[in-house]
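The data block below is query-v7.cif; it holds mmCIF, C-alpha atoms.
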data_input
#
loop_
_atom_site.group_PDB
_atom_site.id
_atom_site.type_symbol
_atom_site.label_atom_id
_atom_site.label_comp_id
_atom_site.auth_asym_id
_atom_site.auth_seq_id
_atom_site.Cartn_x
_atom_site.Cartn_y
_atom_site.Cartn_z
ATOM 1 C CA MET A 1 -161.898 75.680 -75.515
ATOM 2 C CA ILE A 2 -161.202 72.159 -76.780
ATOM 3 C CA VAL A 3 -159.865 69.896 -74.035
ATOM 4 C CA VAL A 4 -157.669 66.917 -74.898
ATOM 5 C CA ALA A 5 -157.574 64.210 -72.229
ATOM 6 C CA GLY A 6 -154.973 61.451 -72.261
ATOM 7 C CA GLU A 7 -151.325 60.565 -72.080
ATOM 8 C CA ALA A 8 -148.166 62.487 -72.866
ATOM 9 C CA LEU A 9 -145.086 60.323 -73.352
ATOM 10 C CA ILE A 10 -141.690 60.113 -75.000
ATOM 11 C CA ASP A 11 -141.326 58.382 -78.360
ATOM 12 C CA LEU A 12 -137.892 56.871 -78.946
ATOM 13 C CA VAL A 13 -137.590 57.166 -82.722
ATOM 14 C CA PRO A 14 -134.912 55.310 -84.764
ATOM 15 C CA ARG A 15 -132.563 57.467 -86.817
ATOM 16 C CA GLY A 16 -131.355 54.951 -89.347
ATOM 17 C CA ALA A 17 -131.993 51.393 -90.467
ATOM 18 C CA GLY A 18 -131.818 48.182 -88.469
ATOM 19 C CA ALA A 19 -132.880 46.971 -85.050
ATOM 20 C CA LEU A 20 -129.955 48.692 -83.340
ATOM 21 C CA ALA A 21 -130.337 52.101 -84.979
ATOM 22 C CA ALA A 22 -129.777 55.019 -82.628
ATOM 23 C CA LEU A 23 -132.931 56.178 -80.863
ATOM 24 C CA THR A 24 -133.774 59.853 -80.527
ATOM 25 C CA PRO A 25 -136.295 60.980 -77.889
ATOM 26 C CA ALA A 26 -139.277 62.880 -79.262
ATOM 27 C CA LEU A 27 -142.291 64.342 -77.497
ATOM 28 C CA GLY A 28 -145.384 62.248 -78.172
ATOM 29 C CA GLY A 29 -148.500 60.396 -77.154
ATOM 30 C CA GLY A 30 -151.684 60.540 -79.224
ATOM 31 C CA PRO A 31 -153.572 63.014 -77.000
ATOM 32 C CA PHE A 32 -150.450 65.155 -76.513
ATOM 33 C CA ASN A 33 -149.928 65.321 -80.290
ATOM 34 C CA THR A 34 -153.587 66.243 -80.776
ATOM 35 C CA ALA A 35 -153.302 69.090 -78.264
ATOM 36 C CA VAL A 36 -150.131 70.421 -79.917
ATOM 37 C CA ALA A 37 -151.764 70.220 -83.346
ATOM 38 C CA LEU A 38 -154.808 72.140 -82.094
ATOM 39 C CA GLY A 39 -152.552 74.830 -80.677
ATOM 40 C CA ARG A 40 -150.599 75.133 -83.922
ATOM 41 C CA LEU A 41 -153.817 75.409 -85.904
ATOM 42 C CA GLY A 42 -154.937 78.255 -83.662
ATOM 43 C CA SER A 43 -157.689 76.589 -81.646
ATOM 44 C CA PRO A 44 -157.935 77.468 -77.938
ATOM 45 C CA ALA A 45 -156.970 74.159 -76.335
ATOM 46 C CA ALA A 46 -156.269 72.677 -72.920
ATOM 47 C CA PHE A 47 -154.543 69.444 -71.887
ATOM 48 C CA CYS A 48 -155.948 67.226 -69.139
ATOM 49 C CA SER A 49 -153.571 64.517 -67.953
ATOM 50 C CA ARG A 50 -151.038 63.513 -65.306
ATOM 51 C CA VAL A 51 -147.437 64.318 -66.219
ATOM 52 C CA SER A 52 -144.209 63.353 -64.470
ATOM 53 C CA ARG A 53 -142.017 65.869 -62.688
ATOM 54 C CA ASP A 54 -138.956 64.330 -64.374
ATOM 55 C CA ALA A 55 -137.021 66.051 -67.171
ATOM 56 C CA PHE A 56 -139.161 64.433 -69.866
ATOM 57 C CA GLY A 57 -142.305 65.672 -68.147
ATOM 58 C CA GLU A 58 -140.954 69.216 -68.009
ATOM 59 C CA ALA A 59 -140.117 69.059 -71.722
ATOM 60 C CA LEU A 60 -143.642 67.864 -72.537
ATOM 61 C CA LEU A 61 -145.217 70.730 -70.609
ATOM 62 C CA ASP A 62 -142.819 73.234 -72.165
ATOM 63 C CA ARG A 63 -143.944 72.172 -75.647
ATOM 64 C CA LEU A 64 -147.605 72.538 -74.715
ATOM 65 C CA ARG A 65 -147.014 76.009 -73.290
ATOM 66 C CA GLU A 66 -144.982 77.061 -76.337
ATOM 67 C CA THR A 67 -147.889 75.990 -78.536
ATOM 68 C CA GLY A 68 -150.381 78.001 -76.495
ATOM 69 C CA VAL A 69 -152.084 75.004 -74.870
ATOM 70 C CA ASP A 70 -153.508 75.609 -71.383
ATOM 71 C CA VAL A 71 -151.884 73.217 -68.878
ATOM 72 C CA ALA A 72 -153.765 74.308 -65.749
ATOM 73 C CA SER A 73 -155.637 70.964 -65.732
ATOM 74 C CA VAL A 74 -152.457 68.865 -65.823
ATOM 75 C CA GLN A 75 -151.816 66.841 -62.683
ATOM 76 C CA ARG A 76 -148.195 66.202 -61.677
ATOM 77 C CA GLY A 77 -146.526 63.180 -60.099
ATOM 78 C CA ASP A 78 -143.111 61.806 -59.153
ATOM 79 C CA GLU A 79 -143.655 58.666 -61.254
ATOM 80 C CA PRO A 80 -141.548 58.373 -64.451
ATOM 81 C CA THR A 81 -142.708 59.299 -67.943
ATOM 82 C CA THR A 82 -144.025 56.548 -70.225
ATOM 83 C CA LEU A 83 -141.662 55.551 -73.052
ATOM 84 C CA ALA A 84 -142.728 54.276 -76.492
ATOM 85 C CA VAL A 85 -140.072 52.754 -78.753
ATOM 86 C CA ALA A 86 -141.035 53.280 -82.378
ATOM 87 C CA THR A 87 -140.132 51.003 -85.283
ATOM 88 C CA VAL A 88 -140.563 52.637 -88.687
ATOM 89 C CA GLY A 89 -141.272 50.412 -91.688
ATOM 90 C CA THR A 90 -140.011 50.922 -95.229
ATOM 91 C CA ASP A 91 -143.300 52.635 -96.100
ATOM 92 C CA GLY A 92 -142.986 55.061 -93.174
ATOM 93 C CA SER A 93 -145.569 53.299 -91.004
ATOM 94 C CA ALA A 94 -144.785 53.135 -87.303
ATOM 95 C CA ALA A 95 -145.202 50.374 -84.726
ATOM 96 C CA TYR A 96 -144.553 50.765 -80.997
ATOM 97 C CA SER A 97 -143.311 48.929 -77.925
ATOM 98 C CA PHE A 98 -144.322 50.556 -74.630
ATOM 99 C CA TYR A 99 -142.706 50.894 -71.215
ATOM 100 C CA VAL A 100 -145.618 51.802 -68.974
ATOM 101 C CA GLU A 101 -145.287 50.168 -65.573
ATOM 102 C CA GLY A 102 -145.762 52.674 -62.750
ATOM 103 C CA THR A 103 -145.681 55.709 -65.029
ATOM 104 C CA ALA A 104 -147.309 59.042 -64.272
ATOM 105 C CA ASP A 105 -150.164 59.040 -66.788
ATOM 106 C CA ARG A 106 -151.548 55.785 -65.375
ATOM 107 C CA HIS A 107 -152.323 57.581 -62.099
ATOM 108 C CA PHE A 108 -154.616 60.230 -63.569
ATOM 109 C CA THR A 109 -157.752 60.985 -61.537
ATOM 110 C CA ALA A 110 -160.930 62.488 -62.973
ATOM 111 C CA PRO A 111 -161.132 66.252 -62.309
ATOM 112 C CA ALA A 112 -164.077 67.765 -60.498
ATOM 113 C CA ALA A 113 -164.746 70.091 -63.441
ATOM 114 C CA LEU A 114 -163.551 70.885 -66.951
ATOM 115 C CA PRO A 115 -161.995 74.266 -67.805
ATOM 116 C CA ALA A 116 -164.431 77.131 -68.209
ATOM 117 C CA GLY A 117 -165.728 77.448 -71.750
ATOM 118 C CA THR A 118 -165.085 73.819 -72.711
ATOM 119 C CA ARG A 119 -166.906 73.021 -75.975
ATOM 120 C CA ALA A 120 -165.412 69.597 -76.696
ATOM 121 C CA VAL A 121 -163.285 66.900 -75.081
ATOM 122 C CA SER A 122 -161.105 64.472 -77.037
ATOM 123 C CA PHE A 123 -160.070 61.023 -75.747
ATOM 124 C CA GLY A 124 -158.022 58.092 -76.947
ATOM 125 C CA THR A 125 -154.990 55.817 -77.237
ATOM 126 C CA CYS A 126 -153.140 54.306 -74.250
ATOM 127 C CA SER A 127 -154.989 56.363 -71.660
ATOM 128 C CA LEU A 128 -158.171 54.332 -72.198
ATOM 129 C CA VAL A 129 -156.327 51.022 -71.764
ATOM 130 C CA LEU A 130 -153.981 51.362 -68.804
ATOM 131 C CA GLU A 131 -155.560 51.159 -65.369
ATOM 132 C CA PRO A 132 -156.250 52.756 -62.995
ATOM 133 C CA GLY A 133 -156.163 55.850 -65.203
ATOM 134 C CA ALA A 134 -158.363 54.286 -67.900
ATOM 135 C CA SER A 135 -161.356 54.180 -65.568
ATOM 136 C CA ALA A 136 -160.790 57.824 -64.623
ATOM 137 C CA TYR A 137 -160.716 58.928 -68.273
ATOM 138 C CA GLU A 138 -163.820 56.834 -68.916
ATOM 139 C CA GLU A 139 -165.575 58.566 -66.015
ATOM 140 C CA LEU A 140 -164.614 61.951 -67.463
ATOM 141 C CA MET A 141 -165.958 60.937 -70.893
ATOM 142 C CA ARG A 142 -169.298 59.820 -69.521
ATOM 143 C CA THR A 143 -169.633 62.878 -67.284
ATOM 144 C CA ALA A 144 -168.794 65.315 -70.084
ATOM 145 C CA SER A 145 -171.257 63.646 -72.445
ATOM 146 C CA ALA A 146 -174.012 63.664 -69.835
ATOM 147 C CA ARG A 147 -173.490 67.422 -69.451
ATOM 148 C CA GLY A 148 -173.927 67.969 -73.178
ATOM 149 C CA VAL A 149 -170.247 68.482 -74.037
ATOM 150 C CA PHE A 150 -169.195 67.303 -77.517
ATOM 151 C CA THR A 151 -166.953 64.236 -77.141
ATOM 152 C CA ALA A 152 -164.472 62.830 -79.664
ATOM 153 C CA LEU A 153 -162.859 59.393 -79.479
ATOM 154 C CA ASP A 154 -159.888 57.966 -81.359
ATOM 155 C CA PRO A 155 -159.227 54.468 -79.943
ATOM 156 C CA ASN A 156 -155.860 54.365 -81.779
ATOM 157 C CA VAL A 157 -155.558 50.684 -80.854
ATOM 158 C CA ARG A 158 -152.207 49.399 -79.557
ATOM 159 C CA PRO A 159 -152.734 45.615 -79.426
ATOM 160 C CA GLY A 160 -149.540 45.015 -77.462
ATOM 161 C CA LEU A 161 -150.987 46.938 -74.528
ATOM 162 C CA ILE A 162 -154.319 45.064 -74.457
ATOM 163 C CA PRO A 163 -154.154 41.811 -72.450
ATOM 164 C CA ASP A 164 -157.800 40.857 -73.068
ATOM 165 C CA PRO A 165 -158.955 41.908 -76.563
ATOM 166 C CA GLY A 166 -162.516 40.699 -76.001
ATOM 167 C CA ALA A 167 -162.909 42.756 -72.840
ATOM 168 C CA TYR A 168 -161.479 45.832 -74.547
ATOM 169 C CA ARG A 169 -163.832 45.451 -77.528
ATOM 170 C CA ALA A 170 -166.803 45.224 -75.177
ATOM 171 C CA ARG A 171 -165.579 48.276 -73.300
ATOM 172 C CA PHE A 172 -165.146 50.185 -76.550
ATOM 173 C CA ARG A 173 -168.773 49.475 -77.454
ATOM 174 C CA SER A 174 -169.849 50.678 -74.011
ATOM 175 C CA TRP A 175 -168.264 54.079 -74.705
ATOM 176 C CA LEU A 176 -170.178 54.720 -77.926
ATOM 177 C CA PRO A 177 -173.366 56.141 -76.342
ATOM 178 C CA SER A 178 -171.107 58.827 -74.806
ATOM 179 C CA VAL A 179 -169.263 59.645 -78.058
ATOM 180 C CA SER A 180 -170.261 62.415 -80.485
ATOM 181 C CA LEU A 181 -167.516 61.844 -83.085
ATOM 182 C CA LEU A 182 -165.658 58.567 -83.555
ATOM 183 C CA LYS A 183 -162.479 58.679 -85.622
ATOM 184 C CA LEU A 184 -160.412 55.568 -86.278
ATOM 185 C CA SER A 185 -158.167 53.966 -88.855
ATOM 186 C CA GLU A 186 -159.072 51.077 -91.132
ATOM 187 C CA GLU A 187 -156.674 48.945 -89.090
ATOM 188 C CA ASP A 188 -158.411 49.937 -85.854
ATOM 189 C CA ALA A 189 -161.802 49.101 -87.335
ATOM 190 C CA GLN A 190 -160.608 45.684 -88.486
ATOM 191 C CA TRP A 191 -159.088 44.884 -85.085
ATOM 192 C CA LEU A 192 -162.204 46.024 -83.232
ATOM 193 C CA GLY A 193 -164.287 43.697 -85.376
ATOM 194 C CA GLY A 194 -167.216 45.979 -85.996
ATOM 195 C CA ALA A 195 -168.537 48.267 -88.728
ATOM 196 C CA PRO A 196 -169.156 52.029 -88.844
ATOM 197 C CA ARG A 197 -172.910 51.621 -89.356
ATOM 198 C CA GLU A 198 -173.089 49.389 -86.296
ATOM 199 C CA TRP A 199 -171.179 51.936 -84.227
ATOM 200 C CA LEU A 200 -173.337 54.816 -85.467
ATOM 201 C CA ALA A 201 -176.426 53.009 -84.240
ATOM 202 C CA ALA A 202 -174.885 52.918 -80.762
ATOM 203 C CA GLY A 203 -174.468 56.687 -80.395
ATOM 204 C CA PRO A 204 -171.980 58.766 -82.437
ATOM 205 C CA ALA A 205 -173.269 61.425 -84.811
ATOM 206 C CA ALA A 206 -170.505 60.553 -87.288
ATOM 207 C CA VAL A 207 -167.679 58.061 -87.802
ATOM 208 C CA VAL A 208 -164.555 59.126 -89.708
ATOM 209 C CA VAL A 209 -162.352 56.325 -91.054
ATOM 210 C CA THR A 210 -158.795 57.113 -92.154
ATOM 211 C CA ARG A 211 -157.400 55.044 -95.032
ATOM 212 C CA GLY A 212 -153.751 56.088 -95.036
ATOM 213 C CA GLY A 213 -152.688 57.493 -98.390
ATOM 214 C CA ASP A 214 -156.111 56.664 -99.834
ATOM 215 C CA GLY A 215 -157.786 59.412 -97.826
ATOM 216 C CA LEU A 216 -160.677 59.691 -95.393
ATOM 217 C CA THR A 217 -164.327 58.646 -95.326
ATOM 218 C CA VAL A 218 -167.137 59.842 -93.066
ATOM 219 C CA LEU A 219 -170.404 58.051 -92.378
ATOM 220 C CA THR A 220 -173.155 59.926 -90.569
ATOM 221 C CA ARG A 221 -176.141 58.966 -88.472
ATOM 222 C CA GLU A 222 -178.375 60.312 -91.256
ATOM 223 C CA GLY A 223 -177.031 57.683 -93.663
ATOM 224 C CA GLU A 224 -174.688 59.986 -95.589
ATOM 225 C CA GLU A 225 -171.227 58.876 -96.739
ATOM 226 C CA TYR A 226 -168.524 61.157 -98.141
ATOM 227 C CA SER A 227 -164.876 60.523 -99.034
ATOM 228 C CA VAL A 228 -161.847 62.562 -100.039
ATOM 229 C CA PRO A 229 -158.535 61.294 -101.447
ATOM 230 C CA GLY A 230 -155.263 61.533 -99.577
ATOM 231 C CA GLU A 231 -152.775 64.284 -100.355
ATOM 232 C CA ARG A 232 -149.749 63.000 -102.267
ATOM 233 C CA VAL A 233 -146.528 63.633 -100.376
ATOM 234 C CA ARG A 234 -143.133 62.029 -99.834
ATOM 235 C CA VAL A 235 -143.694 60.137 -96.593
ATOM 236 C CA VAL A 236 -140.896 60.334 -94.028
ATOM 237 C CA ASP A 237 -142.966 58.587 -91.363
ATOM 238 C CA THR A 238 -146.593 58.476 -90.244
ATOM 239 C CA ILE A 239 -145.981 59.285 -86.567
ATOM 240 C CA GLY A 240 -148.689 61.671 -85.383
ATOM 241 C CA ALA A 241 -150.667 61.639 -88.638
ATOM 242 C CA GLY A 242 -153.849 60.284 -87.061
ATOM 243 C CA ASP A 243 -153.518 62.704 -84.153
ATOM 244 C CA THR A 244 -153.242 65.557 -86.641
ATOM 245 C CA VAL A 245 -156.472 64.348 -88.266
ATOM 246 C CA ASN A 246 -158.165 64.454 -84.842
ATOM 247 C CA ALA A 247 -157.064 68.032 -84.300
ATOM 248 C CA ALA A 248 -157.962 69.154 -87.825
ATOM 249 C CA LEU A 249 -161.466 67.681 -87.522
ATOM 250 C CA LEU A 250 -162.089 69.368 -84.168
ATOM 251 C CA HIS A 251 -160.564 72.650 -85.336
ATOM 252 C CA GLY A 252 -162.675 72.591 -88.497
ATOM 253 C CA LEU A 253 -165.864 71.752 -86.634
ATOM 254 C CA ALA A 254 -165.221 74.616 -84.209
ATOM 255 C CA ALA A 255 -164.613 77.013 -87.125
ATOM 256 C CA ARG A 256 -167.978 75.959 -88.578
ATOM 257 C CA ASP A 257 -169.704 76.305 -85.186
ATOM 258 C CA ALA A 258 -170.507 72.605 -85.504
ATOM 259 C CA LEU A 259 -169.202 71.202 -82.198
ATOM 260 C CA SER A 260 -172.592 69.668 -81.475
ATOM 261 C CA GLU A 261 -174.514 66.714 -82.805
ATOM 262 C CA GLU A 262 -176.916 69.126 -84.515
ATOM 263 C CA GLY A 263 -173.983 70.946 -86.085
ATOM 264 C CA VAL A 264 -172.485 67.701 -87.357
ATOM 265 C CA ALA A 265 -175.834 66.675 -88.840
ATOM 266 C CA ALA A 266 -176.108 69.988 -90.704
ATOM 267 C CA LEU A 267 -172.696 69.871 -92.431
ATOM 268 C CA GLY A 268 -173.854 68.174 -95.627
ATOM 269 C CA SER A 269 -171.728 67.201 -98.606
ATOM 270 C CA GLU A 270 -169.775 70.438 -99.074
ATOM 271 C CA GLY A 271 -169.141 70.889 -95.375
ATOM 272 C CA TRP A 272 -167.878 67.350 -94.864
ATOM 273 C CA LYS A 273 -165.734 67.283 -97.991
ATOM 274 C CA GLY A 274 -164.142 70.582 -97.035
ATOM 275 C CA LEU A 275 -163.479 69.370 -93.507
ATOM 276 C CA LEU A 276 -162.079 66.006 -94.603
ATOM 277 C CA GLY A 277 -159.897 67.665 -97.236
ATOM 278 C CA PHE A 278 -158.477 70.014 -94.617
ATOM 279 C CA ALA A 279 -157.695 67.037 -92.365
ATOM 280 C CA ALA A 280 -156.030 65.189 -95.250
ATOM 281 C CA ARG A 281 -153.806 68.184 -96.026
ATOM 282 C CA ALA A 282 -152.838 68.572 -92.373
ATOM 283 C CA ALA A 283 -151.948 64.866 -92.046
ATOM 284 C CA ALA A 284 -149.872 65.005 -95.231
ATOM 285 C CA VAL A 285 -147.709 67.774 -93.788
ATOM 286 C CA THR A 286 -147.125 65.695 -90.653
ATOM 287 C CA CYS A 287 -146.148 62.660 -92.760
ATOM 288 C CA SER A 288 -143.660 64.747 -94.749
ATOM 289 C CA ARG A 289 -141.357 65.274 -91.751
ATOM 290 C CA ALA A 290 -139.834 63.093 -89.070
ATOM 291 C CA GLY A 291 -141.700 62.529 -85.818
ATOM 292 C CA ALA A 292 -144.989 64.036 -84.723
ATOM 293 C CA GLU A 293 -144.623 67.566 -86.111
ATOM 294 C CA PRO A 294 -148.124 68.753 -87.044
ATOM 295 C CA PRO A 295 -148.558 71.818 -89.226
ATOM 296 C CA TYR A 296 -149.148 75.401 -88.249
ATOM 297 C CA ALA A 297 -152.198 77.168 -89.662
ATOM 298 C CA HIS A 298 -150.153 79.159 -92.195
ATOM 299 C CA GLU A 299 -148.809 75.938 -93.718
ATOM 300 C CA LEU A 300 -152.331 74.932 -94.747
ATOM 301 C CA GLU A 301 -153.403 78.201 -96.329
ATOM 302 C CA PRO A 302 -154.140 78.022 -100.032
ATOM 303 C CA GLU A 303 -151.160 79.017 -102.166
ATOM 304 C CA GLY A 304 -151.110 82.733 -102.787
ATOM 305 C CA SER A 305 -153.512 83.605 -99.965
#
Rewrite the structure from the file as structure tokens, please.
Amino acid sequence: MIVVAGEALIDLVPRGAGALAALTPALGGGPFNTAVALGRLGSPAAFCSRVSRDAFGEALLDRLRETGVDVASVQRGDEPTTLAVATVGTDGSAAYSFYVEGTADRHFTAPAALPAGTRAVSFGTCSLVLEPGASAYEELMRTASARGVFTALDPNVRPGLIPDPGAYRARFRSWLPSVSLLKLSEEDAQWLGGAPREWLAAGPAAVVVTRGGDGLTVLTREGEEYSVPGERVRVVDTIGAGDTVNAALLHGLAARDALSEEGVAALGSEGWKGLLGFAARAAAVTCSRAGAEPPYAHELEPEGS
């Protein structure tokens, strides 16, 4: 079981050009997208969050159930669902404005225990910024790590939600001793103001950096560095691409029985290049269609298989 902890929200995605283009609601949130992608890839997955009882919340849970994701660890509340208004650039890149005051996911409380059979827990995005929930997710991260559970972190930085960048950067560094796998974009790395080698020294077994259409690079605690190119595709938008990478990395590590720091260390050149290539293919499929629509396992099978 791979548990994904964090927010589920509604993306309001423009359908057309201009500031006043019609907005279409789409199910989203980085952790939610990661959980859906894991389910579609065939990994046993569970979602750990707090979700509203409103109509949006019901739709979010319906999607998770349809994808085979266990929702027994989802807390419910009468607070509204968070909204994220997306703006899509000419190159398909997405930026967001958030409506988060008093929303359900901010009131998450750390569970007493993780689901039985949990092998990894994934964290990231808004859930690690917005209090009081951020402290609860942080507690869960530290507790899981202390118990020997593999932990993955994608900070997926949203600067507009961070009132004190310096405090957030310090907090990010404080998480690293509890992180097994750190995945982040080049833009995240630049904003955070650090370097992968520096972060590796603080705790993670590996750091994966996504470079958009240029591909992915991994740096390991053992001093290894491997890269793969991006998959060429007609980009509709990039919504959910990084979340798909998260899921593909975790799914691939599980398939290789490498959801441990020892397993990560043993991957080597062929293992890492195969894993990164799989993640690049999965992200390309997501970028080829509107909204966060990660691929199913059969869409990533080699042609003719």
Evaluate the PyMOL selection byres ((chain A and resi 127) around 12) and report residues as a PDB file with C-alpha atoms, in the coordinates of the input:
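Below you can see part.pdb, which holds the result:
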ATOM      1  CA  VAL A   4    -157.669  66.917 -74.898  1.00  0.00           C
ATOM      2  CA  ALA A   5    -157.574  64.210 -72.229  1.00  0.00           C
ATOM      3  CA  GLY A   6    -154.973  61.451 -72.261  1.00  0.00           C
ATOM      4  CA  GLU A   7    -151.325  60.565 -72.080  1.00  0.00           C
ATOM      5  CA  ALA A   8    -148.166  62.487 -72.866  1.00  0.00           C
ATOM      6  CA  LEU A   9    -145.086  60.323 -73.352  1.00  0.00           C
ATOM      7  CA  GLY A  29    -148.500  60.396 -77.154  1.00  0.00           C
ATOM      8  CA  GLY A  30    -151.684  60.540 -79.224  1.00  0.00           C
ATOM      9  CA  PRO A  31    -153.572  63.014 -77.000  1.00  0.00           C
ATOM     10  CA  PHE A  32    -150.450  65.155 -76.513  1.00  0.00           C
ATOM     11  CA  CYS A  48    -155.948  67.226 -69.139  1.00  0.00           C
ATOM     12  CA  SER A  49    -153.571  64.517 -67.953  1.00  0.00           C
ATOM     13  CA  ARG A  50    -151.038  63.513 -65.306  1.00  0.00           C
ATOM     14  CA  THR A  82    -144.025  56.548 -70.225  1.00  0.00           C
ATOM     15  CA  VAL A 100    -145.618  51.802 -68.974  1.00  0.00           C
ATOM     16  CA  THR A 103    -145.681  55.709 -65.029  1.00  0.00           C
ATOM     17  CA  ALA A 104    -147.309  59.042 -64.272  1.00  0.00           C
ATOM     18  CA  ASP A 105    -150.164  59.040 -66.788  1.00  0.00           C
ATOM     19  CA  ARG A 106    -151.548  55.785 -65.375  1.00  0.00           C
ATOM     20  CA  HIS A 107    -152.323  57.581 -62.099  1.00  0.00           C
ATOM     21  CA  PHE A 108    -154.616  60.230 -63.569  1.00  0.00           C
ATOM     22  CA  THR A 109    -157.752  60.985 -61.537  1.00  0.00           C
ATOM     23  CA  SER A 122    -161.105  64.472 -77.037  1.00  0.00           C
ATOM     24  CA  PHE A 123    -160.070  61.023 -75.747  1.00  0.00           C
ATOM     25  CA  GLY A 124    -158.022  58.092 -76.947  1.00  0.00           C
ATOM     26  CA  THR A 125    -154.990  55.817 -77.237  1.00  0.00           C
ATOM     27  CA  CYS A 126    -153.140  54.306 -74.250  1.00  0.00           C
ATOM     28  CA  LEU A 128    -158.171  54.332 -72.198  1.00  0.00           C
ATOM     29  CA  VAL A 129    -156.327  51.022 -71.764  1.00  0.00           C
ATOM     30  CA  LEU A 130    -153.981  51.362 -68.804  1.00  0.00           C
ATOM     31  CA  GLU A 131    -155.560  51.159 -65.369  1.00  0.00           C
ATOM     32  CA  PRO A 132    -156.250  52.756 -62.995  1.00  0.00           C
ATOM     33  CA  GLY A 133    -156.163  55.850 -65.203  1.00  0.00           C
ATOM     34  CA  ALA A 134    -158.363  54.286 -67.900  1.00  0.00           C
ATOM     35  CA  SER A 135    -161.356  54.180 -65.568  1.00  0.00           C
ATOM     36  CA  ALA A 136    -160.790  57.824 -64.623  1.00  0.00           C
ATOM     37  CA  TYR A 137    -160.716  58.928 -68.273  1.00  0.00           C
ATOM     38  CA  GLU A 138    -163.820  56.834 -68.916  1.00  0.00           C
ATOM     39  CA  LEU A 140    -164.614  61.951 -67.463  1.00  0.00           C
ATOM     40  CA  MET A 141    -165.958  60.937 -70.893  1.00  0.00           C
ATOM     41  CA  LEU A 153    -162.859  59.393 -79.479  1.00  0.00           C
ATOM     42  CA  ASP A 154    -159.888  57.966 -81.359  1.00  0.00           C
ATOM     43  CA  PRO A 155    -159.227  54.468 -79.943  1.00  0.00           C
ATOM     44  CA  ASN A 156    -155.860  54.365 -81.779  1.00  0.00           C
ATOM     45  CA  VAL A 157    -155.558  50.684 -80.854  1.00  0.00           C
ATOM     46  CA  ARG A 158    -152.207  49.399 -79.557  1.00  0.00           C
ATOM     47  CA  LEU A 161    -150.987  46.938 -74.528  1.00  0.00           C
ATOM     48  CA  ILE A 162    -154.319  45.064 -74.457  1.00  0.00           C
TER      49      ILE A 162
END
Evaluate the PyMOL selection byres ((chain A and resi 34) around 10) and record the selected residues as a tab-separated table (two decimals) with C-alpha atoms, in the frame of the given file, following the chain and residue labels used in the document.
chain	number	residue	atom	x	y	z
A	3	VAL	CA	-159.86	69.90	-74.04
A	4	VAL	CA	-157.67	66.92	-74.90
A	5	ALA	CA	-157.57	64.21	-72.23
A	6	GLY	CA	-154.97	61.45	-72.26
A	28	GLY	CA	-145.38	62.25	-78.17
A	29	GLY	CA	-148.50	60.40	-77.15
A	30	GLY	CA	-151.68	60.54	-79.22
A	31	PRO	CA	-153.57	63.01	-77.00
A	32	PHE	CA	-150.45	65.16	-76.51
A	33	ASN	CA	-149.93	65.32	-80.29
A	35	ALA	CA	-153.30	69.09	-78.26
A	36	VAL	CA	-150.13	70.42	-79.92
A	37	ALA	CA	-151.76	70.22	-83.35
A	38	LEU	CA	-154.81	72.14	-82.09
A	39	GLY	CA	-152.55	74.83	-80.68
A	40	ARG	CA	-150.60	75.13	-83.92
A	45	ALA	CA	-156.97	74.16	-76.33
A	47	PHE	CA	-154.54	69.44	-71.89
A	122	SER	CA	-161.10	64.47	-77.04
A	123	PHE	CA	-160.07	61.02	-75.75
A	240	GLY	CA	-148.69	61.67	-85.38
A	241	ALA	CA	-150.67	61.64	-88.64
A	242	GLY	CA	-153.85	60.28	-87.06
A	243	ASP	CA	-153.52	62.70	-84.15
A	244	THR	CA	-153.24	65.56	-86.64
A	245	VAL	CA	-156.47	64.35	-88.27
A	246	ASN	CA	-158.16	64.45	-84.84
A	247	ALA	CA	-157.06	68.03	-84.30
A	248	ALA	CA	-157.96	69.15	-87.82
A	250	LEU	CA	-162.09	69.37	-84.17
A	292	ALA	CA	-144.99	64.04	-84.72
A	294	PRO	CA	-148.12	68.75	-87.04
Set the distance at 10 Å and use all atoms listed in the file: which residues neighbour Leu253 of chain A once local chain neighbours fewer than 6 positions away are removed? I'd like the list as an MDAnalysis selection string.
chainID A and resid 247 259:260 263:264 267 271:272 275
Find the spatial neighbours of Leu181 of chain A, counting only C-alpha atoms, within a cut-off of 9 Å - ignore same-chain residues fewer than 5 positions away - and output them as a list in words.
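Counting only C-alpha atoms, the residues come to Phe150, Thr151, Ala152, Leu153, Asp154, Pro204, Ala205, Ala206, Val207, Val208, Glu261 and Val264 of chain A.
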Expected selection from the PyMOL selection byres ((chain A and resi 191-199) around 10), given as JSON, numbers by chain:
{"A": [155, 157, 158, 159, 165, 166, 168, 169, 170, 172, 173, 176, 177, 182, 183, 184, 185, 186, 187, 188, 189, 190, 200, 201, 202, 203, 204, 205, 206, 207, 208, 209, 218, 219, 220, 221, 223]}
Distance criterion (all atoms listed in the file): nearest to Ser43 of chain A out of A:Gly291, A:Gly68, A:Gly89, A:Gly57
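Using all atoms listed in the file, the shortest distance to Ser43 of chain A belongs to A:Gly68.
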Point-to-point distance in Å for atom CA of Ala55 of chain A and atom CA of Pro111 of chain A
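Distance between the two atoms: 24.6 Å.
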Residues near Gly268 of chain A, anyone? I mean within 10 Å using all atoms listed in the file, not counting same-chain ones fewer than 6 positions away, as a ChimeraX atom specification.
/A:220,224-226
Provide the atom CA of Arg211 of chain A to atom CA of Glu270 of chain A distance in Å, to one decimal place.
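Interatomic distance, atom CA of Arg211 of chain A to atom CA of Glu270 of chain A: 20.2 Å.
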Tell me which of A:Leu20, A:Ala283, A:Val51, A:Ala146 sits closest to Asp237 of chain A, counting only C-alpha atoms.
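Going through A:Leu20, A:Ala283, A:Val51, A:Ala146 one by one, the smallest distance to Asp237 of chain A is for A:Ala283.
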